[in-house]
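What follows is model.csv (CSV, C-alpha atoms).
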```
chain,number,residue,atom,x,y,z
A,10,MET,CA,-6.4,-118.0,90.5
A,11,THR,CA,-4.7,-116.1,87.6
A,12,THR,CA,-1.3,-114.5,88.4
A,13,GLN,CA,-1.0,-111.1,86.9
A,14,PRO,CA,2.4,-110.4,85.3
A,15,PRO,CA,4.5,-107.7,87.0
A,16,PRO,CA,4.2,-104.2,85.6
A,17,PRO,CA,6.8,-103.1,83.0
A,18,HIS,CA,10.0,-101.4,84.1
A,19,ILE,CA,10.4,-98.2,82.1
A,20,GLU,CA,13.4,-95.9,81.9
A,21,PHE,CA,14.0,-92.7,79.9
A,22,ASP,CA,17.6,-92.1,79.0
A,23,GLY,CA,18.7,-94.3,81.9
A,24,HIS,CA,16.5,-92.8,84.5
A,25,PRO,CA,13.3,-94.4,86.0
A,26,ALA,CA,10.1,-93.1,84.4
A,27,THR,CA,8.4,-90.2,86.0
A,28,GLU,CA,5.1,-88.5,85.5
A,29,GLU,CA,6.8,-85.8,83.5
A,30,THR,CA,8.8,-88.2,81.2
A,31,LEU,CA,5.7,-90.4,80.7
A,32,ARG,CA,4.1,-87.3,79.1
A,33,ILE,CA,6.4,-87.7,76.2
A,34,PRO,CA,4.8,-90.9,74.7
A,35,ALA,CA,1.4,-89.9,76.0
A,36,LEU,CA,1.3,-86.4,74.5
A,37,TYR,CA,3.9,-86.6,71.7
A,38,GLY,CA,3.7,-89.9,70.0
A,39,PHE,CA,5.6,-89.1,66.9
A,40,GLY,CA,8.5,-91.6,67.0
A,41,HIS,CA,9.8,-95.0,66.3
A,42,PHE,CA,10.9,-98.2,68.1
A,43,THR,CA,12.3,-101.6,67.9
A,44,ALA,CA,11.3,-104.7,69.9
A,45,LEU,CA,13.6,-107.6,70.8
A,46,GLN,CA,13.7,-110.7,73.0
A,47,VAL,CA,16.6,-110.9,75.3
A,48,ARG,CA,17.7,-114.3,76.8
A,49,ASP,CA,20.5,-114.4,79.3
A,50,GLY,CA,21.5,-110.9,78.4
A,51,ARG,CA,21.8,-111.7,74.7
A,52,ALA,CA,19.6,-111.0,71.6
A,53,ARG,CA,19.6,-112.3,68.0
A,54,GLY,CA,20.0,-109.7,65.3
A,55,LEU,CA,21.1,-107.0,67.8
A,56,GLY,CA,23.1,-105.2,65.1
A,57,LEU,CA,20.0,-105.1,62.9
A,58,HIS,CA,18.0,-103.6,65.7
A,59,LEU,CA,20.6,-100.9,66.3
A,60,ALA,CA,20.7,-100.1,62.6
A,61,ARG,CA,16.9,-99.9,62.5
A,62,LEU,CA,16.9,-97.3,65.3
A,63,ASP,CA,19.6,-95.2,63.7
A,64,ALA,CA,18.1,-95.2,60.3
A,65,ALA,CA,14.6,-94.3,61.5
A,66,ASN,CA,15.9,-91.6,63.8
A,67,ARG,CA,17.9,-90.0,61.0
A,68,GLU,CA,14.8,-90.1,58.7
A,69,LEU,CA,12.4,-88.7,61.3
A,70,PHE,CA,14.6,-86.3,63.3
A,71,ALA,CA,17.8,-85.9,61.2
A,72,LEU,CA,19.8,-87.1,64.1
A,73,PRO,CA,21.8,-90.3,64.6
A,74,VAL,CA,21.3,-92.8,67.4
A,75,ASP,CA,24.6,-94.2,68.8
A,76,GLY,CA,24.4,-98.0,69.1
A,77,ASP,CA,26.7,-98.1,72.1
A,78,ARG,CA,24.4,-95.7,73.9
A,79,VAL,CA,21.4,-97.9,73.1
A,80,ARG,CA,23.1,-101.0,74.4
A,81,GLU,CA,24.2,-99.2,77.6
A,82,LEU,CA,20.6,-98.0,78.2
A,83,VAL,CA,19.2,-101.5,77.6
A,84,ARG,CA,21.7,-103.1,80.0
A,85,HIS,CA,20.8,-100.5,82.6
A,86,ALA,CA,17.1,-101.1,82.2
A,87,LEU,CA,17.6,-104.9,82.4
A,88,ASP,CA,19.6,-104.4,85.6
A,89,GLY,CA,16.9,-102.1,87.0
A,90,ALA,CA,14.2,-104.7,86.3
A,91,GLY,CA,16.4,-107.4,87.7
A,92,ARG,CA,16.1,-109.5,84.5
A,93,ARG,CA,18.4,-111.4,82.2
A,94,ASP,CA,15.4,-112.7,80.2
A,95,ALA,CA,12.9,-110.1,78.9
A,96,SER,CA,10.9,-108.5,76.2
A,97,VAL,CA,12.7,-105.2,75.5
A,98,ARG,CA,11.4,-102.3,73.5
A,99,VAL,CA,13.4,-99.2,72.7
A,100,ASN,CA,11.4,-96.1,71.6
A,101,GLY,CA,12.9,-92.9,70.1
A,102,TYR,CA,11.2,-89.5,70.5
A,103,LEU,CA,12.2,-85.9,69.9
A,104,PRO,CA,10.0,-83.8,72.2
A,105,PRO,CA,9.4,-80.1,71.1
A,106,GLY,CA,12.5,-78.0,71.9
A,107,ALA,CA,14.8,-81.0,72.4
A,108,THR,CA,18.1,-81.3,70.5
A,109,ARG,CA,18.8,-84.9,71.5
A,110,THR,CA,16.7,-88.0,71.0
A,111,THR,CA,15.0,-89.3,74.1
A,112,LEU,CA,15.3,-93.0,74.3
A,113,MET,CA,12.6,-94.9,76.3
A,114,VAL,CA,13.5,-98.5,77.2
A,115,THR,CA,10.7,-100.8,78.4
A,116,VAL,CA,11.4,-104.2,80.0
A,117,ARG,CA,8.7,-106.7,80.4
A,118,GLU,CA,8.2,-110.5,80.9
A,119,PRO,CA,9.8,-112.5,78.1
A,120,ALA,CA,7.4,-113.5,75.3
A,121,VAL,CA,7.1,-116.4,72.9
A,122,MET,CA,4.9,-116.7,69.7
A,123,PRO,CA,1.9,-118.9,70.4
A,124,SER,CA,2.7,-122.3,69.1
A,125,GLY,CA,-0.6,-123.1,67.4
A,126,ALA,CA,-1.3,-122.4,63.8
A,127,ARG,CA,-2.7,-118.9,63.2
A,128,SER,CA,-5.8,-117.7,61.4
A,129,LEU,CA,-5.7,-114.4,59.6
A,130,MET,CA,-8.4,-112.1,58.4
A,131,SER,CA,-7.5,-109.9,55.5
A,132,ALA,CA,-7.9,-106.1,55.9
A,133,PRO,CA,-7.5,-103.2,53.4
A,134,TYR,CA,-4.9,-101.1,55.1
A,135,VAL,CA,-1.4,-99.9,54.1
A,136,ARG,CA,0.7,-98.1,56.7
A,137,THR,CA,2.2,-94.7,56.0
A,138,ALA,CA,6.0,-95.1,55.6
A,139,PRO,CA,5.7,-98.9,56.3
A,140,HIS,CA,9.5,-99.3,56.5
A,141,ILE,CA,9.5,-97.5,59.8
A,142,LYS,CA,8.4,-99.3,62.9
A,143,ARG,CA,6.2,-96.9,64.8
A,144,PRO,CA,4.2,-96.9,68.1
A,145,GLY,CA,0.5,-96.2,68.3
A,146,GLU,CA,-0.4,-97.4,64.8
A,147,PHE,CA,-4.2,-97.1,64.9
A,148,GLY,CA,-5.0,-99.1,61.8
A,149,GLN,CA,-3.0,-102.2,62.8
A,150,THR,CA,-4.6,-102.3,66.2
A,151,TYR,CA,-8.1,-101.5,64.8
A,152,TYR,CA,-8.0,-104.3,62.3
A,153,GLY,CA,-6.4,-106.7,64.8
A,154,VAL,CA,-9.3,-106.1,67.1
A,155,LEU,CA,-11.8,-106.6,64.3
A,156,ALA,CA,-10.1,-109.9,63.4
A,157,GLY,CA,-10.3,-111.1,67.0
A,158,ARG,CA,-14.0,-110.3,67.1
A,159,ALA,CA,-14.5,-112.3,63.9
A,160,GLY,CA,-12.8,-115.3,65.4
A,161,PHE,CA,-9.4,-114.9,63.8
A,162,ASP,CA,-6.0,-114.7,65.6
A,163,ASP,CA,-4.9,-111.5,63.8
A,164,ALA,CA,-5.2,-109.3,60.7
A,165,LEU,CA,-3.4,-109.6,57.3
A,166,LEU,CA,-2.9,-106.2,55.8
A,167,THR,CA,-3.5,-105.7,52.1
A,168,ALA,CA,-2.9,-102.9,49.5
A,169,PRO,CA,-5.4,-102.0,46.8
A,170,GLY,CA,-6.2,-104.9,44.5
A,171,GLY,CA,-5.8,-107.4,47.4
A,172,VAL,CA,-2.0,-107.2,47.4
A,173,VAL,CA,-0.7,-108.9,50.5
A,174,THR,CA,1.8,-106.8,52.4
A,175,GLU,CA,2.3,-108.0,56.0
A,176,GLY,CA,0.5,-109.1,59.2
A,177,ALA,CA,-0.7,-106.5,61.7
A,178,ILE,CA,2.3,-107.3,63.9
A,179,THR,CA,4.1,-109.9,61.8
A,180,ASN,CA,5.7,-110.6,58.5
A,181,ILE,CA,4.2,-113.3,56.5
A,182,GLY,CA,6.0,-115.8,54.3
A,183,PHE,CA,4.6,-118.5,51.9
A,184,TRP,CA,6.0,-121.9,50.8
A,185,ASP,CA,5.7,-122.8,47.2
A,186,GLY,CA,7.2,-126.2,47.5
A,187,ASP,CA,10.7,-125.1,46.6
A,188,SER,CA,11.3,-121.7,48.2
A,189,VAL,CA,10.1,-119.3,50.9
A,190,VAL,CA,8.2,-116.5,49.2
A,191,TRP,CA,8.0,-113.1,50.9
A,192,PRO,CA,5.3,-110.7,49.5
A,193,ASP,CA,6.9,-108.1,47.3
A,194,ALA,CA,5.0,-105.1,48.6
A,195,PRO,CA,5.4,-102.1,50.9
A,196,ALA,CA,6.0,-103.5,54.4
A,197,LEU,CA,8.3,-103.4,57.4
A,198,THR,CA,11.3,-105.7,56.9
A,199,GLY,CA,11.3,-107.4,60.3
A,200,ILE,CA,14.4,-108.5,62.1
A,201,THR,CA,13.3,-112.1,62.3
A,202,MET,CA,12.4,-112.0,58.6
A,203,THR,CA,15.9,-110.7,57.8
A,204,LEU,CA,17.5,-113.4,60.0
A,205,LEU,CA,15.5,-116.0,58.2
A,206,GLU,CA,16.5,-114.6,54.8
A,207,GLN,CA,20.1,-114.5,55.7
A,208,GLY,CA,20.0,-118.0,57.2
A,209,LEU,CA,18.3,-119.5,54.2
A,210,GLU,CA,20.9,-117.9,52.0
A,211,ARG,CA,23.7,-119.4,54.0
A,212,ALA,CA,22.0,-122.8,53.8
A,213,GLY,CA,21.9,-122.6,50.0
A,214,ARG,CA,18.1,-122.2,50.0
A,215,PRO,CA,17.6,-118.5,49.1
A,216,SER,CA,14.2,-117.1,49.7
A,217,VAL,CA,12.5,-114.9,47.0
A,218,ARG,CA,10.2,-111.9,46.9
A,219,ARG,CA,7.2,-112.0,44.6
A,220,PRO,CA,3.8,-110.3,44.4
A,221,VAL,CA,1.2,-112.2,46.4
A,222,THR,CA,-2.5,-111.4,46.2
A,223,LEU,CA,-5.6,-112.7,47.9
A,224,ASP,CA,-7.0,-114.1,44.6
A,225,GLY,CA,-6.0,-114.7,41.0
A,226,PRO,CA,-2.9,-116.4,39.6
A,227,ASP,CA,-0.7,-114.9,42.4
A,228,GLY,CA,-3.3,-115.7,45.0
A,229,VAL,CA,-2.6,-117.2,48.4
A,230,GLY,CA,-4.4,-120.3,47.4
A,231,ARG,CA,-1.6,-121.4,45.2
A,232,PHE,CA,0.7,-121.9,48.2
A,233,PRO,CA,0.6,-125.2,50.2
A,234,ALA,CA,1.8,-123.6,53.4
A,235,ALA,CA,2.4,-120.2,55.1
A,236,PHE,CA,3.8,-118.8,58.3
A,237,VAL,CA,4.2,-115.6,60.2
A,238,CYS,CA,7.2,-114.3,62.2
A,239,ASN,CA,8.2,-111.5,64.5
A,240,SER,CA,10.5,-110.9,67.4
A,241,GLN,CA,8.6,-113.5,69.4
A,242,GLY,CA,9.2,-116.3,67.0
A,243,ILE,CA,7.6,-118.2,64.1
A,244,ALA,CA,4.2,-119.8,63.7
A,245,PRO,CA,2.4,-121.6,60.9
A,246,VAL,CA,-0.7,-120.2,59.3
A,247,ARG,CA,-3.8,-122.4,59.0
A,248,ARG,CA,-6.2,-120.0,57.4
A,249,ILE,CA,-6.4,-116.7,55.5
A,250,ASP,CA,-10.1,-115.7,55.2
A,251,ASP,CA,-11.6,-118.9,53.7
A,252,THR,CA,-8.4,-120.3,52.3
A,253,LEU,CA,-7.0,-123.2,54.3
A,254,PHE,CA,-3.3,-124.2,54.6
A,255,ALA,CA,-1.7,-127.4,55.8
A,256,VAL,CA,0.8,-127.1,58.6
A,257,ASP,CA,4.1,-128.2,57.0
A,258,GLU,CA,6.0,-129.6,60.0
A,259,GLU,CA,9.1,-130.1,58.0
A,260,LEU,CA,9.1,-126.5,56.8
A,261,MET,CA,8.5,-125.2,60.4
A,262,LYS,CA,11.3,-127.4,61.7
A,263,ASP,CA,13.7,-126.1,59.0
A,264,LEU,CA,12.7,-122.4,59.7
A,265,GLY,CA,13.2,-123.0,63.4
A,266,ALA,CA,16.7,-124.4,62.8
A,267,VAL,CA,17.6,-121.5,60.5
A,268,TYR,CA,16.5,-119.0,63.1
A,269,ASP,CA,18.2,-120.8,66.0
A,270,SER,CA,21.5,-120.8,64.0
A,271,ALA,CA,21.5,-116.9,64.0
A,272,PRO,CA,24.2,-115.8,66.5
A,273,GLU,CA,23.1,-114.2,69.8
A,274,ASP,CA,24.8,-111.0,70.6
A,275,LEU,CA,25.6,-109.7,74.1
A,276,VAL,CA,23.6,-106.6,74.7
```
Please render this file's structure as structure tokens.
Amino acid sequence: MTTQPPPPHIEFDGHPATEETLRIPALYGFGHFTALQVRDGRARGLGLHLARLDAANRELFALPVDGDRVRELVRHALDGAGRRDASVRVNGYLPPGATRTTLMVTVREPAVMPSGARSLMSAPYVRTAPHIKRPGEFGQTYYGVLAGRAGFDDALLTAPGGVVTEGAITNIGFWDGDSVVWPDAPALTGITMTLLEQGLERAGRPSVRRPVTLDGPDGVGRFPAAFVCNSQGIAPVRRIDDTLFAVDEELMKDLGAVYDSAPEDLV
């Protein structure tokens, strides 16, 4: 018998969700968010998450988001859910007529990236303003569903000319034998990606950004290994379309160690 996970705990500006407040994301979806994993009340890259929320809110609504307010709301929602370990999502909205950003905090069961090597189906899709993390992105979900139907784990988004940008819900990195290579293309700079970049730099193994394409001299086939990452963790890639990759256990071990070395901040 399969046990269903408990429903998410949702709060708006520190108050339990109501039918009225739930109309905000349902009817007025223009907004932004960040997603983080909390363990024992702590999160890696918390300052980066707070900076992401503030920058996106200023760009979309011309209003700042106070980091202390976000932390207080997250703590309140964790307490309300009775959790120290959780998947947390903070959404920012500015409903019509409002003068202050509404912050929705959602607390769910903690999540971890599936440990198996991932298969990705390329899809021709570039998000509008890809540097902003936004809810309800139809194209990402659409191509992710198509990838699943075709027997893949997820989609790999590409710009015109087969330029690799990002996964549907991940960043993708490649290993050229010497360095981690991130695609130099319009994409969301993920928090886990940033933590890996910073950690590799501290370890004296700086990663690089270079154009990556599906085919040609910069094609994915020139790389012996690849991986994806997001707030849930890091996983190797075994296939992009018909291109196969070996799972470089040493690379994955090193990336895991770099990520684990990132400090955990108290929410």
Within 12 Å of Pro169 in chain A using all atoms listed in the file, minus same-chain residues under 4 positions, as a list of chain:residue names: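 Within the cut-off, the hits are A:Ser131, A:Ala132, A:Pro133, A:Tyr134, A:Val135, A:Val173, A:Thr174, A:Ala194, A:Pro195, A:Thr222, A:Leu223.
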Minimum-distance residue to Thr167 in chain A, chosen among A:Asp193, A:Asp187, A:Asp22, A:Glu206 (using all atoms listed in the file): A:Asp193
Test item: residues at most 12 Å from range 30-38 of chain A, all atoms listed in the file, excluding those fewer than 4 positions along its chain, as a PyMOL selection string: chain A and resi 19-26+42+100-105+107+110-115+143-147
Next, write the just-selected residues to a file, as a PDB file, in the frame of the given file, keeping C-alpha atoms as the atom set.
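See result-v2.pdb below for the written result:
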```pdb
ATOM      1  CA  ILE A  19      10.400 -98.200  82.100  1.00  0.00           C
ATOM      2  CA  GLU A  20      13.400 -95.900  81.900  1.00  0.00           C
ATOM      3  CA  PHE A  21      14.000 -92.700  79.900  1.00  0.00           C
ATOM      4  CA  ASP A  22      17.600 -92.100  79.000  1.00  0.00           C
ATOM      5  CA  GLY A  23      18.700 -94.300  81.900  1.00  0.00           C
ATOM      6  CA  HIS A  24      16.500 -92.800  84.500  1.00  0.00           C
ATOM      7  CA  PRO A  25      13.300 -94.400  86.000  1.00  0.00           C
ATOM      8  CA  ALA A  26      10.100 -93.100  84.400  1.00  0.00           C
ATOM      9  CA  PHE A  42      10.900 -98.200  68.100  1.00  0.00           C
ATOM     10  CA  ASN A 100      11.400 -96.100  71.600  1.00  0.00           C
ATOM     11  CA  GLY A 101      12.900 -92.900  70.100  1.00  0.00           C
ATOM     12  CA  TYR A 102      11.200 -89.500  70.500  1.00  0.00           C
ATOM     13  CA  LEU A 103      12.200 -85.900  69.900  1.00  0.00           C
ATOM     14  CA  PRO A 104      10.000 -83.800  72.200  1.00  0.00           C
ATOM     15  CA  PRO A 105       9.400 -80.100  71.100  1.00  0.00           C
ATOM     16  CA  ALA A 107      14.800 -81.000  72.400  1.00  0.00           C
ATOM     17  CA  THR A 110      16.700 -88.000  71.000  1.00  0.00           C
ATOM     18  CA  THR A 111      15.000 -89.300  74.100  1.00  0.00           C
ATOM     19  CA  LEU A 112      15.300 -93.000  74.300  1.00  0.00           C
ATOM     20  CA  MET A 113      12.600 -94.900  76.300  1.00  0.00           C
ATOM     21  CA  VAL A 114      13.500 -98.500  77.200  1.00  0.00           C
ATOM     22  CA  THR A 115      10.700-100.800  78.400  1.00  0.00           C
ATOM     23  CA  ARG A 143       6.200 -96.900  64.800  1.00  0.00           C
ATOM     24  CA  PRO A 144       4.200 -96.900  68.100  1.00  0.00           C
ATOM     25  CA  GLY A 145       0.500 -96.200  68.300  1.00  0.00           C
ATOM     26  CA  GLU A 146      -0.400 -97.400  64.800  1.00  0.00           C
ATOM     27  CA  PHE A 147      -4.200 -97.100  64.900  1.00  0.00           C
TER      28      PHE A 147
END
```
Expected answer as a list in words: all residues with atoms within 9 Å of (-2.6, -103.8, 65.2), all atoms listed in the file: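 So the residues meeting the distance criterion are Gly145, Glu146, Phe147, Gly148, Gln149, Thr150, Tyr151, Tyr152, Gly153, Val154, Asp163, Ala164, Gly176, Ala177 and Ile178 of chain A.
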Output of the above residues as a CSV table (one decimal), in the coordinates of the input, restricted to C-alpha atoms:
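Resulting contents of result.csv:
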```csv
chain,number,residue,atom,x,y,z
A,145,GLY,CA,0.5,-96.2,68.3
A,146,GLU,CA,-0.4,-97.4,64.8
A,147,PHE,CA,-4.2,-97.1,64.9
A,148,GLY,CA,-5.0,-99.1,61.8
A,149,GLN,CA,-3.0,-102.2,62.8
A,150,THR,CA,-4.6,-102.3,66.2
A,151,TYR,CA,-8.1,-101.5,64.8
A,152,TYR,CA,-8.0,-104.3,62.3
A,153,GLY,CA,-6.4,-106.7,64.8
A,154,VAL,CA,-9.3,-106.1,67.1
A,163,ASP,CA,-4.9,-111.5,63.8
A,164,ALA,CA,-5.2,-109.3,60.7
A,176,GLY,CA,0.5,-109.1,59.2
A,177,ALA,CA,-0.7,-106.5,61.7
A,178,ILE,CA,2.3,-107.3,63.9
```
Exercise: range 56-62 of chain A partners within 7 Å, all atoms listed in the file, chain neighbours under 5 positions left out, as a ChimeraX atom specification: /A:42-43,74,76,200
Best match for closeness to Phe232 in chain A among A:Leu209, A:Val121, A:Val189, A:Ala159, counting all atoms listed in the file: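 Distance minimum relative to Phe232 in chain A lands on A:Val189.
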Mind rebuilding range 186-219 of chain A with N, CA and C atoms and writing that out as an mmCIF file, in the coordinates of the input?
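The file below, selection-v9.cif, is the result:
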```
data_model
loop_
_atom_site.group_PDB
_atom_site.id
_atom_site.type_symbol
_atom_site.label_atom_id
_atom_site.label_comp_id
_atom_site.auth_asym_id
_atom_site.auth_seq_id
_atom_site.Cartn_x
_atom_site.Cartn_y
_atom_site.Cartn_z
ATOM 1 N N GLY A 186 6.706 -124.864 47.734
ATOM 2 C CA GLY A 186 7.200 -126.200 47.500
ATOM 3 C C GLY A 186 8.656 -126.298 47.250
ATOM 4 N N ASP A 187 9.249 -125.164 46.857
ATOM 5 C CA ASP A 187 10.700 -125.100 46.600
ATOM 6 C C ASP A 187 11.367 -123.987 47.409
ATOM 7 N N SER A 188 10.668 -122.859 47.566
ATOM 8 C CA SER A 188 11.300 -121.700 48.200
ATOM 9 C C SER A 188 10.302 -121.002 49.131
ATOM 10 N N VAL A 189 10.868 -120.275 50.080
ATOM 11 C CA VAL A 189 10.100 -119.300 50.900
ATOM 12 C C VAL A 189 9.855 -118.093 50.025
ATOM 13 N N VAL A 190 8.605 -117.650 49.952
ATOM 14 C CA VAL A 190 8.200 -116.500 49.200
ATOM 15 C C VAL A 190 7.736 -115.395 50.114
ATOM 16 N N TRP A 191 8.411 -114.247 50.094
ATOM 17 C CA TRP A 191 8.000 -113.100 50.900
ATOM 18 C C TRP A 191 7.186 -112.164 49.910
ATOM 19 N N PRO A 192 6.051 -111.598 50.345
ATOM 20 C CA PRO A 192 5.300 -110.700 49.500
ATOM 21 C C PRO A 192 6.171 -109.494 49.055
ATOM 22 N N ASP A 193 6.199 -109.218 47.778
ATOM 23 C CA ASP A 193 6.900 -108.100 47.300
ATOM 24 C C ASP A 193 5.957 -106.878 47.268
ATOM 25 N N ALA A 194 5.915 -106.183 48.398
ATOM 26 C CA ALA A 194 5.000 -105.100 48.600
ATOM 27 C C ALA A 194 5.461 -104.212 49.734
ATOM 28 N N PRO A 195 4.928 -102.993 49.844
ATOM 29 C CA PRO A 195 5.400 -102.100 50.900
ATOM 30 C C PRO A 195 5.081 -102.710 52.296
ATOM 31 N N ALA A 196 6.119 -102.909 53.095
ATOM 32 C CA ALA A 196 6.000 -103.500 54.400
ATOM 33 C C ALA A 196 7.219 -103.281 55.215
ATOM 34 N N LEU A 197 7.116 -103.489 56.511
ATOM 35 C CA LEU A 197 8.300 -103.400 57.400
ATOM 36 C C LEU A 197 9.114 -104.691 57.169
ATOM 37 N N THR A 198 10.399 -104.520 56.945
ATOM 38 C CA THR A 198 11.300 -105.700 56.900
ATOM 39 C C THR A 198 11.684 -106.022 58.307
ATOM 40 N N GLY A 199 11.039 -107.031 58.865
ATOM 41 C CA GLY A 199 11.300 -107.400 60.300
ATOM 42 C C GLY A 199 12.631 -107.985 60.488
ATOM 43 N N ILE A 200 13.078 -107.909 61.743
ATOM 44 C CA ILE A 200 14.400 -108.500 62.100
ATOM 45 C C ILE A 200 14.377 -109.972 61.944
ATOM 46 N N THR A 201 13.331 -110.621 62.422
ATOM 47 C CA THR A 201 13.300 -112.100 62.300
ATOM 48 C C THR A 201 13.182 -112.489 60.824
ATOM 49 N N MET A 202 12.418 -111.743 60.048
ATOM 50 C CA MET A 202 12.400 -112.000 58.600
ATOM 51 C C MET A 202 13.767 -111.903 57.998
ATOM 52 N N THR A 203 14.513 -110.866 58.356
ATOM 53 C CA THR A 203 15.900 -110.700 57.800
ATOM 54 C C THR A 203 16.779 -111.830 58.243
ATOM 55 N N LEU A 204 16.681 -112.252 59.505
ATOM 56 C CA LEU A 204 17.500 -113.400 60.000
ATOM 57 C C LEU A 204 17.178 -114.656 59.230
ATOM 58 N N LEU A 205 15.897 -114.863 58.931
ATOM 59 C CA LEU A 205 15.500 -116.000 58.200
ATOM 60 C C LEU A 205 16.041 -115.942 56.726
ATOM 61 N N GLU A 206 15.930 -114.775 56.116
ATOM 62 C CA GLU A 206 16.500 -114.600 54.800
ATOM 63 C C GLU A 206 17.967 -114.893 54.735
ATOM 64 N N GLN A 207 18.682 -114.336 55.690
ATOM 65 C CA GLN A 207 20.100 -114.500 55.700
ATOM 66 C C GLN A 207 20.478 -115.998 55.990
ATOM 67 N N GLY A 208 19.751 -116.626 56.904
ATOM 68 C CA GLY A 208 20.000 -118.000 57.200
ATOM 69 C C GLY A 208 19.715 -118.963 56.085
ATOM 70 N N LEU A 209 18.616 -118.717 55.381
ATOM 71 C CA LEU A 209 18.300 -119.500 54.200
ATOM 72 C C LEU A 209 19.336 -119.395 53.133
ATOM 73 N N GLU A 210 19.818 -118.169 52.954
ATOM 74 C CA GLU A 210 20.900 -117.900 52.000
ATOM 75 C C GLU A 210 22.127 -118.720 52.328
ATOM 76 N N ARG A 211 22.515 -118.685 53.605
ATOM 77 C CA ARG A 211 23.700 -119.400 54.000
ATOM 78 C C ARG A 211 23.515 -120.934 53.846
ATOM 79 N N ALA A 212 22.287 -121.401 53.989
ATOM 80 C CA ALA A 212 22.000 -122.800 53.800
ATOM 81 C C ALA A 212 21.850 -123.251 52.395
ATOM 82 N N GLY A 213 22.035 -122.295 51.460
ATOM 83 C CA GLY A 213 21.900 -122.600 50.000
ATOM 84 C C GLY A 213 20.472 -122.747 49.585
ATOM 85 N N ARG A 214 19.544 -122.134 50.352
ATOM 86 C CA ARG A 214 18.100 -122.200 50.000
ATOM 87 C C ARG A 214 17.557 -120.775 50.015
ATOM 88 N N PRO A 215 18.030 -119.932 49.100
ATOM 89 C CA PRO A 215 17.600 -118.500 49.100
ATOM 90 C C PRO A 215 16.114 -118.346 48.995
ATOM 91 N N SER A 216 15.565 -117.440 49.800
ATOM 92 C CA SER A 216 14.200 -117.100 49.700
ATOM 93 C C SER A 216 14.001 -116.069 48.561
ATOM 94 N N VAL A 217 12.773 -115.836 48.138
ATOM 95 C CA VAL A 217 12.500 -114.900 47.000
ATOM 96 C C VAL A 217 11.402 -113.958 47.428
ATOM 97 N N ARG A 218 11.315 -112.866 46.677
ATOM 98 C CA ARG A 218 10.200 -111.900 46.900
ATOM 99 C C ARG A 218 9.419 -111.825 45.586
ATOM 100 N N ARG A 219 8.142 -112.074 45.712
ATOM 101 C CA ARG A 219 7.200 -112.000 44.600
ATOM 102 C C ARG A 219 5.913 -111.429 44.987
#
```
